[in-house]
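What follows is one structure encoded as structure tokens, with my remarks underneath.
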Protein chains: 2
Amino acid sequence: MRILIIGGGGFIGQKLAARLAQDGTLRGAKITALHLVDVAKAATPSASFKVTADTLDIVDRDAVDRLTAKGWDVIYHLAAVVSGQAEADFVAGLRTNFFGTLNIIESARASGTRPVMVYSSSVAAYGGEVPQPIEDWTNTNPQTSYGSQKVIGELLLNDYSRKGFIDGRGVRLPTVVVRPGKPNAAASSFYSSIIREPLQGQPAMCPVDPEGTKGWLASPRSVIENLIRTANLDSEALGQNRCFNLPGITVTVAEMLAALKRAGGQAALDQIDYDIDPTIEKIVEGWAVDFNPQKALALGMMVDADFDSIVSGFIEDELNGKIAAT
Amino acid sequence: MRILIIGGGGFIGQKLAARLAQDGTLRGAKITALHLVDVAKAATPSASFKVTADTLDIVDRDAVDRLTAKGWDVIYHLAAVVSGQAEADFVAGLRTNFFGTLNIIESARASGTRPVMVYSSSVAAYGGEVPQPIEDWTNTNPQTSYGSQKVIGELLLNDYSRKGFIDGRGVRLPTVVVRPGKPNAAASSFYSSIIREPLQGQPAMCPVDPEGTKGWLASPRSVIENLIRTANLDSEALGQNRCFNLPGITVTVAEMLAALKRAGGQAALDQIDYDIDPTIEKIVEGWAVDFNPQKALALGMMVDADFDSIVSGFIEDELNGKIAAT
């Protein structure tokens, strides 16, 4: 079992690599190689098998072809220019999210190796004039360039799988919180910031109205677990649409802040400043937050219990169980 | 008003050109130029304004750029490798339907001219596990490469319009019957054949079970009228999804054959041979046939009265009112 993670240096890629290193198996077979590629060389976890890393620009088709030629049983394609950046710099998003994804899928076709390909799509696939809740058969009508590029990747993944060129499966990730690290250019960055920074005694900015803004959220723990389960699925189980919504929970920002207070006290809550950013608010408003992810549940995907458990998971995994003095 | 029709040599392109030549106006303005491009030089109708034609391979980005640079108020993009061909020759479909459409839309963006762009998508956008009838918010889950490539074009059209690079509007055409001319590589070709050939005293092949096979059909007359109306729409009326289902009527092949008998008698019906083609049947079965095109109706699109009127329209428009002796 040879595994490639494209976007292996990112937050999800690193957690997935650590999990694979720990498990030692995928799809019922022993892992013999795990290779991480990203725009910068990623850190590699120690494991009982060989874990390597290299740089790759997925816009460079020749480089993608050289990598594909090495032969992979499972390719995780997690690489993307994030939503805020793809909206601000249209060409950057088009290059990485559109042409980069096309290169990966086309290269897999040309190689004839028919890998299992797990593709991370996004809640940003949804928007527009559709009834709520979002069902598995609701139209993907993205209202951002990032979302549009992700859905185009879904269509390619489905068609190339139907033709037998790859064995693709795509999962639309809810907004993943609480992310470790620093704020990034994703419009969803604040969903993590408002929990992560205060629990470490640092200020955070809330750019949206807490009562009026909801999120469709999943923890890193559940997303990593579901990325493993998605790779493990039998191809036949996926039916006529290989891309589906991962489960999440619908939470208002006000409810998130209440959970922050329960975990970190008033001192944590006092770290939040409110400064509405109309650009972010407009992007976030365009995202659907009410889902009925029946297909994912039927396929055995896991779901977080509640937002408090997401906060406590973050404290355990990223803060070694310690929060700033309150 | 300068108008470009890409795919101007095709059946729809030719009828649209004739209609524009006759009308002399579009979007409330006098037409000053109409240019038809296609893989072969198209016939041009006579008009009170200049009508020209040239060859264009939309896969050639430089050639597309040279054409775009001439400046067009309205671009109709009707060019495609049809469903049966795109399924049989994956690369041919990918090149024309995917890269060709990308070239046209990207070239329009690069030109900065923000043209109105009317894009012909297809009923083949639908398929997979979705409830019937198809609503405007039902997921596009194509089960052919042609359909996948068309939906990717829709996503580009929407996103480039949202960004203000073009003023796009896409219409998902029902199966257009009765087409003049000869059978082609489209899997839907038989829907026209079984009417067109018998009414001219010629044999035709029915490759599907008449009772078990339905079509979602529209006449050339209604499609051309709706392509005009779509160009005339105000941009604001289109909402958050600029691609919508044109109205059609749902008819079984058996009902089509009954209408054939009413128009051409038993002699016409006797021209039909039945030879089930599993490849065609599988493609056609994947197409949705039950639609609720509320958005199109709200936007003022027209709908055919019934299949008999489609047959009589064909006899008037294409056979000069004459059918083979019965």
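Residue numbering restarts at 1 in every chain; chains get A, B, ... in the order shown in the structure tokens, and ligands count up from 1 in that same order.
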**Request:** Return as a list in words the residues belonging to chain B that are within 8 Å of chain A, counting only C-alpha atoms.
**Result:**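 Applying the cut-off to the listed atoms yields Gly128, Glu129, Val130, Pro131, Trp137, Thr138, Asn139, Thr140, Asn141, Gln143, Thr144, Ser145, Ser148, Val151, Ile152, Leu155, Leu156, Asp159, Arg162, Gly239, Gln240 and Asn241 of chain B.
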**Message:** I want to know what sits within 12 Å of Asp65 of chain A, based on only C-alpha atoms, with residues of the same chain fewer than 2 positions away left out; could you give that as a count of residues only?
**Reply:** 26
**Contacts of Ala305 of chain B within 12 Å, only C-alpha atoms, excl. fewer than 2 positions in-chain, as JSON, numbers by chain** = {"B": [217, 218, 219, 221, 222, 247, 248, 249, 250, 251, 302, 303, 307, 308, 309, 310, 311, 312, 313]}
Save out the residues we just selected, C-alpha atoms, as a compact mmCIF listing (two decimals), in the first residue's frame.
```
# COMPACT_ATOMS: atom_id res chain seq x y z
CA LEU B 217 -38.13 17.17 -25.81
CA ALA B 218 -38.36 20.62 -27.34
CA SER B 219 -38.84 21.72 -30.93
CA ARG B 221 -38.80 26.52 -33.01
CA SER B 222 -39.10 26.81 -29.22
CA PRO B 247 -38.99 24.04 -20.83
CA GLY B 248 -39.78 20.86 -22.71
CA ILE B 249 -42.41 18.15 -22.84
CA THR B 250 -42.05 14.58 -21.55
CA VAL B 251 -43.01 12.03 -24.20
CA MET B 302 -41.83 29.41 -24.22
CA VAL B 303 -42.91 25.76 -24.22
CA PHE B 307 -45.56 16.41 -29.69
CA ASP B 308 -48.04 16.63 -32.59
CA SER B 309 -47.26 20.34 -32.92
CA ILE B 310 -43.54 19.50 -32.94
CA VAL B 311 -44.15 17.07 -35.81
CA SER B 312 -46.28 19.55 -37.75
CA GLY B 313 -43.66 22.28 -37.21
```
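The space separating atom CA of Arg66 of chain A from atom CA of Leu36 of chain A comes to 14.4 Å.
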**Atomic distance atom CA of Pro278 of chain B - atom CA of Ala237 of chain A, expressed in Å with one decimal** = 24.1 Å
**Request:** May I have the residues within 6 Å of His35 of chain A as a PyMOL selection string, using only C-alpha atoms and disregarding those fewer than 3 positions away in the same chain?
**Result:** chain A and resi 4+51-53
**Request:** Please give the complete set of residues from segment 90-271 of chain A that DSSP, run on the backbone, assigns to alpha helix (DSSP H), formatted as a ChimeraX atom specification.
**Result:** /A:90-93,101-111,145-162,189-199,220-232,253-269
**Request:** Find, counting only C-alpha atoms, the residue in A:Ala288, A:Val116, A:Val223, A:Leu257 that gets nearest to Ser235 of chain A.
**Result:**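 Checking each of A:Ala288, A:Val116, A:Val223, A:Leu257 against Ser235 of chain A, counting only C-alpha atoms, the winner is A:Val116.
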**Asked** At what distance in Å, to one decimal, does atom CA of Gln202 of chain B lie from atom CA of Asp277 of chain B?
**Response** 20.2 Å
**Request:** For Thr32 of chain B, work out the shell of residues within 6 Å, counting only C-alpha atoms and skipping chain neighbours fewer than 4 positions away, then give it as a list of chain:residue names.
**Result:** B:Met1, B:Arg2, B:Phe49
With C-alpha atoms kept, could you save the residues just selected as a short mmCIF file (atom, residue, chain, number, x, y, z; two decimals), in the first residue's frame?
```cif
data_model
loop_
_atom_site.label_atom_id
_atom_site.label_comp_id
_atom_site.auth_asym_id
_atom_site.auth_seq_id
_atom_site.Cartn_x
_atom_site.Cartn_y
_atom_site.Cartn_z
CA MET B 1 -25.05 45.08 -31.78
CA ARG B 2 -22.27 42.74 -32.92
CA PHE B 49 -26.54 43.81 -42.12
#
```
**Request:** Pick out each residue of segment 86-320 of chain B that DSSP on the backbone tags as strand (DSSP E); I need them as an MDAnalysis selection string.
**Result:** chainID B and resid 116:122 167:173 175:176 204:206 214:218 243:245 249:252 272:274
Convert the current residue selection to file output with C-alpha atoms, as a short mmCIF file (atom, residue, chain, number, x, y, z; two decimals), in the first residue's frame.
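Result file again-v3.cif:
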```cif
data_model
loop_
_atom_site.label_atom_id
_atom_site.label_comp_id
_atom_site.auth_asym_id
_atom_site.auth_seq_id
_atom_site.Cartn_x
_atom_site.Cartn_y
_atom_site.Cartn_z
CA VAL B 116 -23.22 38.72 -23.00
CA MET B 117 -22.53 35.01 -23.45
CA VAL B 118 -25.33 32.54 -24.14
CA TYR B 119 -24.15 28.98 -23.54
CA SER B 120 -25.99 25.85 -24.59
CA SER B 121 -25.86 23.23 -21.89
CA SER B 122 -27.93 20.08 -21.91
CA ASP B 167 -22.49 38.44 -18.57
CA GLY B 168 -23.23 34.74 -19.02
CA ARG B 169 -26.46 32.85 -19.21
CA GLY B 170 -26.67 29.11 -19.83
CA VAL B 171 -29.65 27.08 -20.95
CA ARG B 172 -29.95 23.33 -20.59
CA LEU B 173 -31.54 22.27 -23.84
CA THR B 175 -33.42 16.90 -26.59
CA VAL B 176 -34.21 18.95 -29.68
CA ALA B 204 -35.39 4.42 -39.54
CA MET B 205 -33.99 2.41 -36.66
CA CYS B 206 -35.37 2.59 -33.13
CA LYS B 214 -39.12 8.63 -22.53
CA GLY B 215 -37.64 11.84 -23.82
CA TRP B 216 -37.59 15.42 -22.52
CA LEU B 217 -38.13 17.17 -25.81
CA ALA B 218 -38.36 20.62 -27.34
CA CYS B 243 -27.89 28.32 -15.93
CA PHE B 244 -31.40 26.93 -16.03
CA ASN B 245 -33.51 24.25 -17.67
CA ILE B 249 -42.41 18.15 -22.84
CA THR B 250 -42.05 14.58 -21.55
CA VAL B 251 -43.01 12.03 -24.20
CA THR B 252 -42.52 8.27 -24.50
CA ILE B 272 -39.44 1.78 -38.26
CA ASP B 273 -37.21 -1.18 -37.48
CA TYR B 274 -36.46 -2.07 -33.88
#
```
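Using only C-alpha atoms, the shortest contact distance between Leu199 of chain B and any of B:Gly321, B:Gly8, B:Gly13, B:Pro45 is found at B:Gly321.
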**Request:** Determine, counting only C-alpha atoms, which protein, DNA and RNA residues have an atom within 7 Å of an atom of Pro115 of chain A; residues of the same chain fewer than 4 positions away are not included. Present the result as an MDAnalysis selection string.
**Result:** chainID A and resid 72:75 166:167
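Each of B:Val253, B:Leu227, B:Ala92, B:Ala86 was compared to Ala187 of chain B using only C-alpha atoms, and B:Ala86 turns out to be the nearest.
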Select from segment 185-253 of chain B every residue with an atom at most 10 Å from any atom of segment 80-84 of chain B, then for each give the shortest pair of atoms and their distance in Å to one decimal, using only C-alpha atoms, rows by chain and rising number, as a tab-separated table.
```
residue	atom	partner	partner_atom	distance
B:Ala185	CA	B:Gly84	CA	5.2
B:Ala186	CA	B:Gly84	CA	4.6
B:Ala187	CA	B:Gly84	CA	4.9
B:Ser188	CA	B:Ser83	CA	8.1
B:Ser189	CA	B:Gly84	CA	9.2
```
Keeping N, CA and C atoms for every residue in the selection just given, could you write it to a file as a PDB file, in the first residue's frame?
```
ATOM      1  N   ALA B 185     -23.766  11.422 -34.344  1.00  0.00           N
ATOM      2  CA  ALA B 185     -23.195  10.561 -33.307  1.00  0.00           C
ATOM      3  C   ALA B 185     -23.819  10.784 -31.938  1.00  0.00           C
ATOM      4  N   ALA B 186     -24.760  11.720 -31.830  1.00  0.00           N
ATOM      5  CA  ALA B 186     -25.426  11.929 -30.538  1.00  0.00           C
ATOM      6  C   ALA B 186     -26.244  10.689 -30.194  1.00  0.00           C
ATOM      7  N   ALA B 187     -26.213  10.312 -28.938  1.00  0.00           N
ATOM      8  CA  ALA B 187     -27.004   9.160 -28.503  1.00  0.00           C
ATOM      9  C   ALA B 187     -28.492   9.440 -28.683  1.00  0.00           C
ATOM     10  N   SER B 188     -28.844  10.717 -28.734  1.00  0.00           N
ATOM     11  CA  SER B 188     -30.245  11.121 -28.883  1.00  0.00           C
ATOM     12  C   SER B 188     -30.678  11.202 -30.344  1.00  0.00           C
ATOM     13  N   SER B 189     -29.799  10.855 -31.262  1.00  0.00           N
ATOM     14  CA  SER B 189     -30.059  11.028 -32.692  1.00  0.00           C
ATOM     15  C   SER B 189     -31.358  10.337 -33.132  1.00  0.00           C
TER      16      SER B 189
END
```
**Request:** May I ask which of the residues B:Ser161, B:Gln271, B:Gln266, B:Thr213 is the closest one to Ser193 of chain B, counting only C-alpha atoms?
**Result:**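 Closest residue, counting only C-alpha atoms: B:Gln271.
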